[in-house]
>>> print(open('run-v8.txt').read())   # compact mmCIF, C-alpha atoms
# COMPACT_ATOMS: atom_id res chain seq x y z
CA MET E 1 20.68 11.72 -8.28
CA ARG E 2 17.41 10.02 -7.35
CA ARG E 3 17.20 6.41 -8.46
CA ALA E 4 14.99 3.40 -7.94
CA GLY E 5 16.16 -0.07 -7.00
CA PRO E 6 16.51 -2.93 -9.53
CA THR E 7 12.83 -3.98 -9.45
CA ASN E 8 11.39 -0.61 -8.37
CA SER E 9 9.32 -2.45 -5.79
CA ILE E 10 9.30 -3.46 -2.15
CA LEU E 11 11.28 -6.56 -3.17
CA ASP E 12 14.36 -4.34 -3.42
CA VAL E 13 14.53 -4.49 0.38
CA ALA E 14 16.49 -7.66 0.99
CA GLY E 15 14.86 -10.25 3.20
CA LEU E 16 11.24 -9.74 2.11
CA THR E 17 8.86 -11.81 0.01
CA VAL E 18 5.47 -10.65 -1.25
CA GLY E 19 2.33 -12.59 -2.18
CA HIS E 20 -1.12 -11.76 -3.49
CA ALA E 21 -4.50 -13.41 -3.85
CA HIS E 22 -7.81 -12.08 -5.11
CA ASP E 23 -11.24 -13.30 -6.12
CA ARG E 24 -12.54 -11.82 -9.38
CA ARG E 25 -16.22 -12.39 -8.58
CA LEU E 26 -15.80 -11.05 -5.07
CA GLY E 27 -13.94 -7.99 -6.35
CA SER E 28 -11.47 -8.03 -3.50
CA GLY E 29 -8.16 -9.46 -2.42
CA VAL E 30 -5.21 -9.67 -0.06
CA SER E 31 -1.50 -8.85 -0.22
CA VAL E 32 1.09 -10.01 2.29
CA VAL E 33 4.68 -9.03 3.04
CA ILE E 34 6.59 -11.82 4.78
CA ALA E 35 9.94 -11.19 6.44
CA ASP E 36 12.54 -13.94 6.10
CA ARG E 37 13.23 -13.51 9.80
CA PRO E 38 11.33 -11.61 12.55
CA SER E 39 11.71 -7.89 11.83
CA ILE E 40 11.23 -4.57 13.59
CA ALA E 41 7.91 -2.88 12.75
CA ALA E 42 5.80 0.11 13.71
CA VAL E 43 2.58 1.74 12.53
CA HIS E 44 1.06 5.20 12.22
CA VAL E 45 -2.61 5.90 11.50
CA MET E 46 -3.76 9.27 10.13
CA GLY E 47 -7.15 8.41 8.65
CA GLY E 48 -10.33 8.72 10.69
CA ALA E 49 -11.76 5.26 9.96
CA PRO E 50 -9.06 2.60 10.40
CA GLY E 51 -9.52 -1.14 10.68
CA THR E 52 -6.58 -3.05 12.15
CA ARG E 53 -5.37 -6.18 13.91
CA ASP E 54 -2.43 -6.51 16.31
CA THR E 55 -1.26 -2.91 15.86
CA ASP E 56 -1.13 -2.02 19.58
CA LEU E 57 1.88 -4.32 20.05
CA LEU E 58 3.83 -2.22 17.54
CA ALA E 59 4.05 0.72 19.94
CA PRO E 60 7.67 1.33 21.01
CA GLU E 61 6.93 0.57 24.67
CA GLU E 62 5.27 -2.82 24.09
CA THR E 63 6.99 -6.18 24.65
CA VAL E 64 6.91 -7.84 21.25
CA ASP E 65 9.38 -5.96 19.08
CA ARG E 66 9.37 -7.99 15.85
CA ILE E 67 6.77 -9.26 13.40
CA ASP E 68 6.68 -12.18 10.96
CA ALA E 69 4.43 -10.69 8.31
CA LEU E 70 2.20 -7.72 7.47
CA VAL E 71 -1.17 -8.01 5.74
CA LEU E 72 -3.07 -5.53 3.57
CA SER E 73 -6.61 -6.65 2.78
CA GLY E 74 -9.85 -5.58 1.21
CA GLY E 75 -13.16 -6.51 2.80
CA SER E 76 -13.47 -3.90 5.53
CA ALA E 77 -13.69 -5.55 8.97
CA PHE E 78 -14.33 -8.93 7.34
CA GLY E 79 -10.89 -8.67 5.76
CA LEU E 80 -9.19 -8.86 9.14
CA ASP E 81 -9.68 -12.63 8.82
CA ALA E 82 -6.90 -12.59 6.21
CA ALA E 83 -4.31 -12.33 8.97
CA SER E 84 -5.60 -15.62 10.42
CA GLY E 85 -4.86 -17.35 7.13
CA VAL E 86 -1.34 -15.91 6.99
CA GLN E 87 -0.79 -16.76 10.65
CA ALA E 88 -1.86 -20.38 10.05
CA TRP E 89 0.50 -20.62 7.08
CA LEU E 90 3.42 -19.32 9.15
CA ARG E 91 2.61 -21.58 12.11
CA ALA E 92 2.67 -24.61 9.84
CA ARG E 93 6.26 -23.65 9.05
CA GLY E 94 7.35 -23.22 12.66
CA ARG E 95 7.38 -19.41 12.62
CA GLY E 96 6.30 -17.20 15.49
CA PHE E 97 7.00 -15.57 18.83
CA ALA E 98 8.12 -18.24 21.29
CA VAL E 99 6.04 -18.67 24.45
CA GLY E 100 7.40 -21.81 26.08
CA ASP E 101 7.10 -24.55 23.47
CA VAL E 102 4.34 -22.66 21.62
CA ARG E 103 4.99 -20.32 18.71
CA VAL E 104 2.61 -17.50 17.85
CA PRO E 105 3.21 -15.84 14.46
CA ILE E 106 2.92 -12.05 14.77
CA VAL E 107 0.89 -10.77 11.81
CA PRO E 108 -0.44 -7.20 12.10
CA ALA E 109 -3.01 -6.31 9.46
CA ALA E 110 -4.94 -3.38 8.05
CA ILE E 111 -8.06 -3.33 5.88
CA LEU E 112 -9.73 -1.08 3.35
CA PHE E 113 -13.41 -0.75 2.44
CA ASP E 114 -14.26 -2.23 -0.96
CA LEU E 115 -17.68 -3.76 -0.15
CA MET E 116 -19.60 -1.51 -2.57
CA ASN E 117 -17.46 -1.82 -5.70
CA GLY E 118 -19.78 -4.07 -7.72
CA GLY E 119 -18.30 -7.42 -6.72
CA ASP E 120 -20.45 -10.21 -5.32
CA LYS E 121 -20.17 -10.03 -1.54
CA ASN E 122 -22.76 -12.74 -0.83
CA TRP E 123 -20.15 -15.19 0.38
CA GLY E 124 -22.34 -17.34 2.60
CA ARG E 125 -21.67 -18.26 6.21
CA PHE E 126 -18.01 -17.23 6.47
CA PRO E 127 -16.08 -14.49 4.66
CA PRO E 128 -13.42 -15.80 2.25
CA TYR E 129 -10.57 -13.68 3.57
CA ARG E 130 -8.91 -16.32 5.78
CA ASP E 131 -8.51 -18.54 2.70
CA LEU E 132 -7.33 -15.56 0.63
CA GLY E 133 -4.74 -14.82 3.33
CA TRP E 134 -3.43 -18.38 3.18
CA ALA E 135 -3.34 -18.22 -0.63
CA ALA E 136 -1.45 -14.92 -0.55
CA ALA E 137 1.13 -16.40 1.85
CA GLU E 138 1.44 -19.48 -0.35
CA ASP E 139 2.06 -17.15 -3.31
CA ALA E 140 4.78 -15.16 -1.54
CA ASP E 141 8.24 -15.18 -3.10
CA ASP E 142 10.85 -12.73 -4.34
CA SER E 143 9.70 -12.73 -7.97
CA PRO E 144 8.63 -9.39 -9.53
CA PHE E 145 4.86 -8.94 -9.41
CA PRO E 146 2.44 -6.84 -11.49
CA LEU E 147 0.90 -3.66 -10.11
CA GLY E 148 -2.63 -2.31 -10.25
CA THR E 149 -5.50 -4.77 -10.22
CA ILE E 150 -3.99 -7.45 -8.01
CA GLY E 151 -4.12 -8.59 -4.37
CA ALA E 152 -5.33 -5.95 -1.92
CA GLY E 153 -5.56 -3.51 -4.82
CA TYR E 154 -8.06 -5.63 -6.75
CA GLY E 155 -11.19 -3.88 -5.49
CA CYS E 156 -9.75 -0.39 -4.99
CA THR E 157 -11.22 2.85 -6.31
CA THR E 158 -10.53 6.56 -5.91
CA ALA E 159 -12.81 9.56 -6.33
CA ASP E 160 -12.61 9.47 -10.13
CA LEU E 161 -10.55 6.46 -11.23
CA ILE E 162 -10.05 2.80 -10.44
CA GLY E 163 -7.35 2.44 -7.79
CA GLY E 164 -4.92 -0.39 -7.32
CA LEU E 165 -1.83 -1.85 -5.74
CA GLY E 166 1.34 0.18 -6.15
CA SER E 167 4.96 -0.35 -5.25
CA ALA E 168 8.21 1.56 -5.69
CA SER E 169 11.73 1.71 -4.29
CA GLN E 170 14.41 4.35 -3.95
CA ILE E 171 17.95 4.63 -2.67
CA ALA E 172 18.26 7.07 0.24
CA PRO E 173 21.18 9.54 0.48
CA SER E 174 22.78 7.20 3.03
CA GLY E 175 22.73 4.34 0.53
CA HIS E 176 19.95 2.45 2.31
CA THR E 177 17.01 1.11 0.30
CA VAL E 178 13.51 2.39 1.07
CA ALA E 179 10.47 0.85 -0.62
CA ALA E 180 6.68 0.99 -0.43
CA LEU E 181 3.72 -1.29 -1.08
CA VAL E 182 0.33 0.46 -1.06
CA ALA E 183 -3.31 -0.34 -1.80
CA VAL E 184 -4.85 2.89 -3.13
CA ASN E 185 -8.55 3.13 -2.25
CA ALA E 186 -8.84 6.83 -1.43
CA VAL E 187 -11.77 9.17 -0.85
CA GLY E 188 -9.76 11.69 -2.89
CA SER E 189 -8.05 11.69 -6.29
CA ALA E 190 -4.54 10.87 -7.50
CA VAL E 191 -4.76 13.17 -10.54
CA ILE E 192 -4.92 16.94 -10.95
CA GLY E 193 -8.37 18.02 -12.09
CA ASP E 194 -9.22 16.48 -15.48
CA THR E 195 -5.64 16.59 -16.78
CA GLY E 196 -4.58 13.02 -16.07
CA ARG E 197 -1.40 14.42 -14.53
CA PHE E 198 -0.55 12.84 -11.20
CA TRP E 199 -0.17 14.91 -8.04
CA ALA E 200 2.98 12.81 -7.48
CA ALA E 201 4.52 13.95 -10.80
CA PRO E 202 7.42 15.93 -9.24
CA HIS E 203 8.70 12.68 -7.71
CA GLU E 204 8.43 10.45 -10.80
CA ILE E 205 11.48 8.44 -11.89
CA ASP E 206 11.96 7.22 -15.48
CA ASP E 207 8.35 7.83 -16.65
CA GLU E 208 7.14 5.12 -14.28
CA PHE E 209 3.54 6.41 -14.26
CA GLY E 210 3.18 7.97 -17.68
CA GLY E 211 5.84 10.65 -17.70
CA LEU E 212 3.35 13.44 -18.40
CA GLY E 213 4.70 15.67 -15.64
CA LEU E 214 2.71 18.57 -14.20
CA PRO E 215 0.22 20.57 -16.29
CA ALA E 216 1.75 23.30 -18.47
CA ARG E 217 -0.96 25.58 -17.11
CA TRP E 218 -2.47 24.89 -13.73
CA PRO E 219 -6.23 24.22 -14.10
CA HIS E 220 -8.39 26.80 -12.33
CA ASP E 221 -10.20 24.01 -10.49
CA ALA E 222 -7.07 21.96 -9.72
CA THR E 223 -7.49 22.19 -5.97
CA ASP E 224 -11.26 21.69 -5.93
CA PRO E 225 -11.54 18.42 -4.03
CA LYS E 226 -13.03 15.43 -5.82
CA LEU E 227 -14.59 13.06 -3.32
CA LYS E 228 -15.64 9.45 -3.67
CA GLY E 229 -19.41 9.09 -3.30
CA ALA E 230 -19.71 12.82 -2.63
CA ALA E 231 -18.12 12.11 0.75
CA SER E 232 -21.08 10.03 1.86
CA THR E 233 -21.18 8.49 5.31
CA THR E 234 -20.77 4.97 3.94
CA GLY E 235 -17.01 5.08 4.50
CA THR E 236 -16.01 3.48 1.19
CA ALA E 237 -12.31 4.23 1.30
CA THR E 238 -8.87 3.87 2.94
CA THR E 239 -5.33 3.74 1.60
CA ILE E 240 -3.09 1.29 3.45
CA ALA E 241 0.62 0.81 2.98
CA VAL E 242 3.94 -0.67 4.08
CA ILE E 243 7.16 1.36 4.01
CA ALA E 244 10.17 -0.94 4.29
CA THR E 245 13.90 -0.39 4.58
CA ASP E 246 17.08 -2.39 5.02
CA ALA E 247 18.29 0.22 7.54
CA THR E 248 18.70 -1.03 11.10
CA LEU E 249 16.03 0.82 13.08
CA THR E 250 14.55 0.71 16.56
CA LYS E 251 10.78 0.56 16.94
CA ALA E 252 10.78 4.28 17.72
CA GLN E 253 12.76 5.07 14.58
CA ALA E 254 10.46 2.85 12.53
CA LYS E 255 7.50 4.79 13.94
CA ARG E 256 9.11 8.05 12.80
CA LEU E 257 9.60 6.54 9.33
CA ALA E 258 5.90 5.60 9.17
CA ILE E 259 4.92 9.14 10.18
CA GLN E 260 7.02 10.71 7.43
CA ALA E 261 5.80 8.20 4.84
CA HIS E 262 2.32 9.66 5.33
CA ASP E 263 3.65 12.81 3.66
CA GLY E 264 3.66 10.70 0.51
CA PHE E 265 -0.09 10.27 0.84
CA ALA E 266 -0.46 14.04 0.99
CA ARG E 267 1.84 14.48 -2.02
CA ALA E 268 -0.06 11.93 -4.15
CA LEU E 269 -3.72 12.20 -3.09
CA TRP E 270 -6.02 15.19 -2.73
CA PRO E 271 -7.52 15.13 -0.21
CA ALA E 272 -5.95 12.51 2.06
CA HIS E 273 -6.44 11.47 5.71
CA THR E 274 -10.15 12.35 5.78
CA PRO E 275 -12.57 11.11 8.46
CA LEU E 276 -13.76 8.48 5.94
CA ASP E 277 -10.27 7.17 5.14
CA GLY E 278 -8.53 4.73 7.46
CA ASP E 279 -5.17 5.80 6.06
CA LEU E 280 -2.38 3.80 7.69
CA VAL E 281 1.32 3.09 7.14
CA PHE E 282 3.25 0.15 8.57
CA ALA E 283 7.01 0.63 8.76
CA LEU E 284 9.28 -2.40 8.53
CA SER E 285 13.04 -2.71 9.08
CA THR E 286 14.92 -5.81 8.02
CA GLU E 287 17.98 -4.56 9.95
CA GLU E 288 20.43 -5.43 7.19
CA ARG E 289 22.49 -2.19 7.27
CA PRO E 290 23.27 -0.09 10.38
CA LEU E 291 22.92 3.69 10.32
CA ASP E 292 26.26 5.46 10.04
CA GLU E 293 25.01 8.83 11.31
CA PRO E 294 21.67 8.14 13.02
CA LEU E 295 20.16 11.63 12.98
CA ALA E 296 21.32 12.61 9.51
CA ASP E 297 20.46 9.20 8.09
CA MET E 298 16.96 9.32 9.60
CA VAL E 299 16.33 12.70 7.97
CA GLY E 300 17.26 11.24 4.59
CA LEU E 301 15.29 8.06 5.15
CA GLY E 302 12.17 10.05 6.06
CA ILE E 303 12.39 12.25 2.97
CA THR E 304 12.93 9.19 0.80
CA ALA E 305 9.98 7.42 2.45
CA ALA E 306 7.64 10.28 1.54
CA GLU E 307 8.89 10.32 -2.05
CA VAL E 308 8.72 6.59 -2.60
CA MET E 309 5.23 6.40 -1.09
CA ALA E 310 3.95 9.13 -3.43
CA ARG E 311 5.44 7.29 -6.40
CA ALA E 312 3.95 3.95 -5.34
CA ILE E 313 0.48 5.51 -5.05
CA ALA E 314 0.66 6.97 -8.56
CA ARG E 315 2.00 3.69 -9.96
CA GLY E 316 -0.90 1.75 -8.42
CA VAL E 317 -3.51 3.98 -10.08
CA HIS E 318 -1.59 4.16 -13.37
CA ALA E 319 -1.40 0.35 -13.60
CA ALA E 320 -5.07 -0.42 -12.77
CA ARG E 321 -7.02 -2.45 -15.32
CA PRO E 322 -10.81 -2.67 -15.84
CA LYS E 323 -13.17 -5.29 -14.44
CA PRO E 324 -16.63 -6.06 -15.89
CA TYR E 325 -18.58 -4.39 -13.09
CA ASP E 326 -16.48 -1.23 -12.72
CA GLU E 327 -18.41 2.04 -12.83
CA LEU E 328 -15.27 4.18 -12.95
CA PRO E 329 -12.66 4.34 -15.72
CA THR E 330 -9.05 3.37 -15.32
CA TRP E 331 -6.30 5.91 -15.95
CA GLU E 332 -5.48 4.07 -19.16
CA ASP E 333 -9.09 4.41 -20.36
CA LEU E 334 -8.79 8.20 -20.42
CA TRP E 335 -5.11 8.88 -21.02
CA ASP E 336 -1.99 7.21 -22.28
CA ASP E 337 1.64 8.14 -21.90
CA ASP E 338 1.24 10.82 -24.59
CA GLY E 339 -1.83 12.48 -23.05
CA PRO E 340 -5.64 12.19 -23.45
CA VAL E 341 -7.16 9.43 -25.57
CA THR E 342 -10.54 9.38 -27.24
CA ARG E 343 -11.88 6.17 -25.73
CA LEU E 344 -13.92 6.24 -22.54
CA VAL E 345 -14.97 3.09 -20.70
CA LEU E 346 -17.45 3.45 -17.85
>>> encode(input="run-v8.txt", output="structure tokens")
Amino acid sequence: MRRAGPTNSILDVAGLTVGHAHDRRLGSGVSVVIADRPSIAAVHVMGGAPGTRDTDLLAPEETVDRIDALVLSGGSAFGLDAASGVQAWLRARGRGFAVGDVRVPIVPAAILFDLMNGGDKNWGRFPPYRDLGWAAAEDADDSPFPLGTIGAGYGCTTADLIGGLGSASQIAPSGHTVAALVAVNAVGSAVIGDTGRFWAAPHEIDDEFGGLGLPARWPHDATDPKLKGAASTTGTATTIAVIATDATLTKAQAKRLAIQAHDGFARALWPAHTPLDGDLVFALSTEERPLDEPLADMVGLGITAAEVMARAIARGVHAARPKPYDELPTWEDLWDDDGPVTRLVL
């Protein structure tokens, strides 16, 4: 039987803390996952327009095999500064890869494009993301956090609805915990046509994103793609995520987990991985529980990773709340857990 962890979030993976910071006027924010101790990580990019920092070192053949934190940020390329804030916060606490008597915190990061969402981006001489990164690290703990319009999800949109920050967890067949944190800012849509039913509905647990299920009758235009900005060349998208597990993995196994987690994007968003999305998944292993049967366990972990990622994406969109300058509705504006509602906020 499929079941979520106690908090149904990435915090169900022991050894992780999570923090968020956002600026309401800016319309953007940062989320950070901090490992209690240096942890195995990998990354896989499937979108055509990624923005990243320190991802080359995550390749299986590279020297540094563990990271201190992972950052998801709005702000497009400006948001890469967020990792500097997290890195400074970690260095002040003596964390980092030892090079002689110097420690260098390892903080890979990925960004999404939210520069055209109505927020005030006239920030002056320097972008605010380094300070937002520090604030997100300062906020990090193991307390449950809200989903939707928070942290890196604050400025997110999809083709037809406000996006947001989602998280979910699930117990794999091997007993290991797998969990996701995702900022949903897709070119495509998380819902089927105009039904309000989520593409991820077959994977839902305990009505966690409305419980409406799939449509009783499949809309004739269900697979007609809805595209943000009519797929303009402005590149206003990208869904970025972390898939985490307590299973003891090598960097190569973590890479495989990141690859399979991308199937969750395809299960929850239509379309996904376009040339205008920088779709990316970090994989993180806290190495708490060894694999009993490596090949069989990896099959189960990969399937679970895809499922939990799809659920986290739907939860992020379902939980989004309106901001004064939003031009798109939230899911809640158009539907509730019983179906369509009469109100419409644009």
>>> closest_residue(input="run-v8.txt", among="E:Ala252, E:Ala172, E:Val242, E:Ala88", to="Gly300 of chain E", atoms="all atoms listed in the file")
E:Ala172
>>> closest_atom_pairs(input="run-v8.txt", of="segment 57-80 of chain E", to="segment 120-128 of chain E", cutoff="12 Å", atoms="only C-alpha atoms", output="tab-separated table")
residue	atom	partner	partner_atom	distance
E:Ser73	CA	E:Pro128	CA	11.4
E:Gly74	CA	E:Pro128	CA	10.9
E:Gly75	CA	E:Pro127	CA	8.7
E:Ser76	CA	E:Pro127	CA	10.9
E:Ala77	CA	E:Pro127	CA	10.2
E:Phe78	CA	E:Pro127	CA	6.4
E:Gly79	CA	E:Pro127	CA	7.9
E:Leu80	CA	E:Pro127	CA	10.0
>>> atom_distance(input="run-v8.txt", atom1="atom CA of Ala21 of chain E", atom2="atom CA of Cys156 of chain E")
14.1 Å
>>> closest_residue(input="run-v8.txt", among="E:Ala319, E:Ser174, E:Arg256, E:Ala92", to="Pro60 of chain E", atoms="all atoms listed in the file")
E:Arg256
>>> residues_around(input="run-v8.txt", residues="Gly15 of chain E", least_positions_apart="6", cutoff="9 Å", atoms="only C-alpha atoms", output="list in words")
Ile34, Ala35, Asp36, Arg37, Asp142, Asp246, Thr286 and Glu288 of chain E
>>> residues_around(input="run-v8.txt", residues="Ile10 of chain E", least_positions_apart="5", cutoff="8 Å", atoms="only C-alpha atoms", output="list in words")
Leu16, Ser167, Ala168, Ser169, Val178, Ala179, Ala180, Leu181 and Ala244 of chain E
>>> atom_distance(input="run-v8.txt", atom1="atom CA of Leu257 of chain E", atom2="atom CA of Met309 of chain E")
11.3 Å
>>> closest_residue(input="run-v8.txt", among="E:Leu90, E:Ala296, E:Ala49, E:Leu334", to="Pro173 of chain E", atoms="all atoms listed in the file")
E:Ala296
>>> closest_residue(input="run-v8.txt", among="E:Leu57, E:Ala310, E:Val299, E:Val184", to="Leu72 of chain E", atoms="only C-alpha atoms")
E:Val184
>>> atom_distance(input="run-v8.txt", atom1="atom CA of Tyr325 of chain E", atom2="atom CA of Asp277 of chain E")
23.1 Å
>>> closest_residue(input="run-v8.txt", among="E:His176, E:His203, E:His22, E:His220", to="Tyr129 of chain E", atoms="only C-alpha atoms")
E:His22
>>> residues_around(input="run-v8.txt", residues="Ile106 of chain E", least_positions_apart="3", cutoff="12 Å", atoms="all atoms listed in the file", output="count of residues only")
35
>>> closest_residue(input="run-v8.txt", among="E:Asp224, E:Glu208, E:Glu287, E:Asp279", to="Val317 of chain E", atoms="all atoms listed in the file")
E:Glu208
>>> residues_around(input="run-v8.txt", residues="Gly153 of chain E", least_positions_apart="4", cutoff="7 Å", atoms="all atoms listed in the file", output="PyMOL selection string")
chain E and resi 29+148-149+163-165+183-184
>>> residues_around(input="run-v8.txt", residues="Arg197 of chain E", least_positions_apart="6", cutoff="10 Å", atoms="all atoms listed in the file", output="ChimeraX atom specification")
/E:190-191,209-215,314,331,335,339
>>> write_last_selection(input="run-v8.txt", atoms="C-alpha atoms", output="PDB file, in the coordinates of the input")
ATOM      1  CA  ALA E 190      -4.540  10.870  -7.500  1.00  0.00           C
ATOM      2  CA  VAL E 191      -4.760  13.170 -10.540  1.00  0.00           C
ATOM      3  CA  PHE E 209       3.540   6.410 -14.260  1.00  0.00           C
ATOM      4  CA  GLY E 210       3.180   7.970 -17.680  1.00  0.00           C
ATOM      5  CA  GLY E 211       5.840  10.650 -17.700  1.00  0.00           C
ATOM      6  CA  LEU E 212       3.350  13.440 -18.400  1.00  0.00           C
ATOM      7  CA  GLY E 213       4.700  15.670 -15.640  1.00  0.00           C
ATOM      8  CA  LEU E 214       2.710  18.570 -14.200  1.00  0.00           C
ATOM      9  CA  PRO E 215       0.220  20.570 -16.290  1.00  0.00           C
ATOM     10  CA  ALA E 314       0.660   6.970  -8.560  1.00  0.00           C
ATOM     11  CA  TRP E 331      -6.300   5.910 -15.950  1.00  0.00           C
ATOM     12  CA  TRP E 335      -5.110   8.880 -21.020  1.00  0.00           C
ATOM     13  CA  GLY E 339      -1.830  12.480 -23.050  1.00  0.00           C
TER      14      GLY E 339
END
>>> build_atoms(input="run-v8.txt", residues="segment 279-297 of chain E", atoms="N, CA, C and O atoms", output="PDB file, in the coordinates of the input")
ATOM      1  N   ASP E 279      -6.544   5.762   6.565  1.00  0.00           N
ATOM      2  CA  ASP E 279      -5.170   5.800   6.060  1.00  0.00           C
ATOM      3  C   ASP E 279      -4.149   5.380   7.121  1.00  0.00           C
ATOM      4  O   ASP E 279      -4.119   5.931   8.226  1.00  0.00           O
ATOM      5  N   LEU E 280      -3.301   4.427   6.747  1.00  0.00           N
ATOM      6  CA  LEU E 280      -2.380   3.800   7.690  1.00  0.00           C
ATOM      7  C   LEU E 280      -1.097   3.409   6.964  1.00  0.00           C
ATOM      8  O   LEU E 280      -1.131   2.985   5.811  1.00  0.00           O
ATOM      9  N   VAL E 281       0.040   3.555   7.660  1.00  0.00           N
ATOM     10  CA  VAL E 281       1.320   3.090   7.140  1.00  0.00           C
ATOM     11  C   VAL E 281       2.007   2.215   8.193  1.00  0.00           C
ATOM     12  O   VAL E 281       2.218   2.644   9.333  1.00  0.00           O
ATOM     13  N   PHE E 282       2.340   0.988   7.796  1.00  0.00           N
ATOM     14  CA  PHE E 282       3.250   0.150   8.570  1.00  0.00           C
ATOM     15  C   PHE E 282       4.678   0.495   8.142  1.00  0.00           C
ATOM     16  O   PHE E 282       4.935   0.707   6.950  1.00  0.00           O
ATOM     17  N   ALA E 283       5.589   0.520   9.087  1.00  0.00           N
ATOM     18  CA  ALA E 283       7.010   0.630   8.760  1.00  0.00           C
ATOM     19  C   ALA E 283       7.699  -0.667   9.159  1.00  0.00           C
ATOM     20  O   ALA E 283       7.380  -1.263  10.197  1.00  0.00           O
ATOM     21  N   LEU E 284       8.629  -1.115   8.336  1.00  0.00           N
ATOM     22  CA  LEU E 284       9.280  -2.400   8.530  1.00  0.00           C
ATOM     23  C   LEU E 284      10.775  -2.263   8.274  1.00  0.00           C
ATOM     24  O   LEU E 284      11.196  -1.720   7.253  1.00  0.00           O
ATOM     25  N   SER E 285      11.584  -2.737   9.218  1.00  0.00           N
ATOM     26  CA  SER E 285      13.040  -2.710   9.080  1.00  0.00           C
ATOM     27  C   SER E 285      13.579  -4.138   9.098  1.00  0.00           C
ATOM     28  O   SER E 285      13.342  -4.889  10.054  1.00  0.00           O
ATOM     29  N   THR E 286      14.298  -4.478   8.053  1.00  0.00           N
ATOM     30  CA  THR E 286      14.920  -5.810   8.020  1.00  0.00           C
ATOM     31  C   THR E 286      16.299  -5.823   8.676  1.00  0.00           C
ATOM     32  O   THR E 286      16.945  -6.872   8.726  1.00  0.00           O
ATOM     33  N   GLU E 287      16.763  -4.668   9.142  1.00  0.00           N
ATOM     34  CA  GLU E 287      17.980  -4.560   9.950  1.00  0.00           C
ATOM     35  C   GLU E 287      19.222  -5.121   9.243  1.00  0.00           C
ATOM     36  O   GLU E 287      20.105  -5.690   9.871  1.00  0.00           O
ATOM     37  N   GLU E 288      19.287  -4.920   7.954  1.00  0.00           N
ATOM     38  CA  GLU E 288      20.430  -5.430   7.190  1.00  0.00           C
ATOM     39  C   GLU E 288      21.638  -4.498   7.234  1.00  0.00           C
ATOM     40  O   GLU E 288      22.779  -4.940   7.123  1.00  0.00           O
ATOM     41  N   ARG E 289      21.391  -3.159   7.367  1.00  0.00           N
ATOM     42  CA  ARG E 289      22.490  -2.190   7.270  1.00  0.00           C
ATOM     43  C   ARG E 289      22.367  -1.153   8.377  1.00  0.00           C
ATOM     44  O   ARG E 289      21.395  -0.385   8.412  1.00  0.00           O
ATOM     45  N   PRO E 290      23.326  -1.085   9.289  1.00  0.00           N
ATOM     46  CA  PRO E 290      23.270  -0.090  10.380  1.00  0.00           C
ATOM     47  C   PRO E 290      23.308   1.339   9.835  1.00  0.00           C
ATOM     48  O   PRO E 290      23.790   1.594   8.725  1.00  0.00           O
ATOM     49  N   LEU E 291      22.807   2.263  10.633  1.00  0.00           N
ATOM     50  CA  LEU E 291      22.920   3.690  10.320  1.00  0.00           C
ATOM     51  C   LEU E 291      24.325   4.157  10.657  1.00  0.00           C
ATOM     52  O   LEU E 291      24.849   3.849  11.731  1.00  0.00           O
ATOM     53  N   ASP E 292      24.936   4.910   9.763  1.00  0.00           N
ATOM     54  CA  ASP E 292      26.260   5.460  10.040  1.00  0.00           C
ATOM     55  C   ASP E 292      26.166   6.709  10.907  1.00  0.00           C
ATOM     56  O   ASP E 292      26.921   6.879  11.868  1.00  0.00           O
ATOM     57  N   GLU E 293      25.255   7.588  10.562  1.00  0.00           N
ATOM     58  CA  GLU E 293      25.010   8.830  11.310  1.00  0.00           C
ATOM     59  C   GLU E 293      23.514   8.876  11.607  1.00  0.00           C
ATOM     60  O   GLU E 293      22.730   9.362  10.777  1.00  0.00           O
ATOM     61  N   PRO E 294      23.099   8.364  12.756  1.00  0.00           N
ATOM     62  CA  PRO E 294      21.670   8.140  13.020  1.00  0.00           C
ATOM     63  C   PRO E 294      20.752   9.315  12.731  1.00  0.00           C
ATOM     64  O   PRO E 294      19.732   9.143  12.051  1.00  0.00           O
ATOM     65  N   LEU E 295      21.067  10.512  13.209  1.00  0.00           N
ATOM     66  CA  LEU E 295      20.160  11.630  12.980  1.00  0.00           C
ATOM     67  C   LEU E 295      20.126  12.039  11.512  1.00  0.00           C
ATOM     68  O   LEU E 295      19.052  12.202  10.920  1.00  0.00           O
ATOM     69  N   ALA E 296      21.280  12.213  10.914  1.00  0.00           N
ATOM     70  CA  ALA E 296      21.320  12.610   9.510  1.00  0.00           C
ATOM     71  C   ALA E 296      20.709  11.543   8.605  1.00  0.00           C
ATOM     72  O   ALA E 296      19.963  11.850   7.670  1.00  0.00           O
ATOM     73  N   ASP E 297      21.020  10.281   8.901  1.00  0.00           N
ATOM     74  CA  ASP E 297      20.460   9.200   8.090  1.00  0.00           C
ATOM     75  C   ASP E 297      18.947   9.126   8.214  1.00  0.00           C
ATOM     76  O   ASP E 297      18.241   8.870   7.225  1.00  0.00           O
TER      77      ASP E 297
END
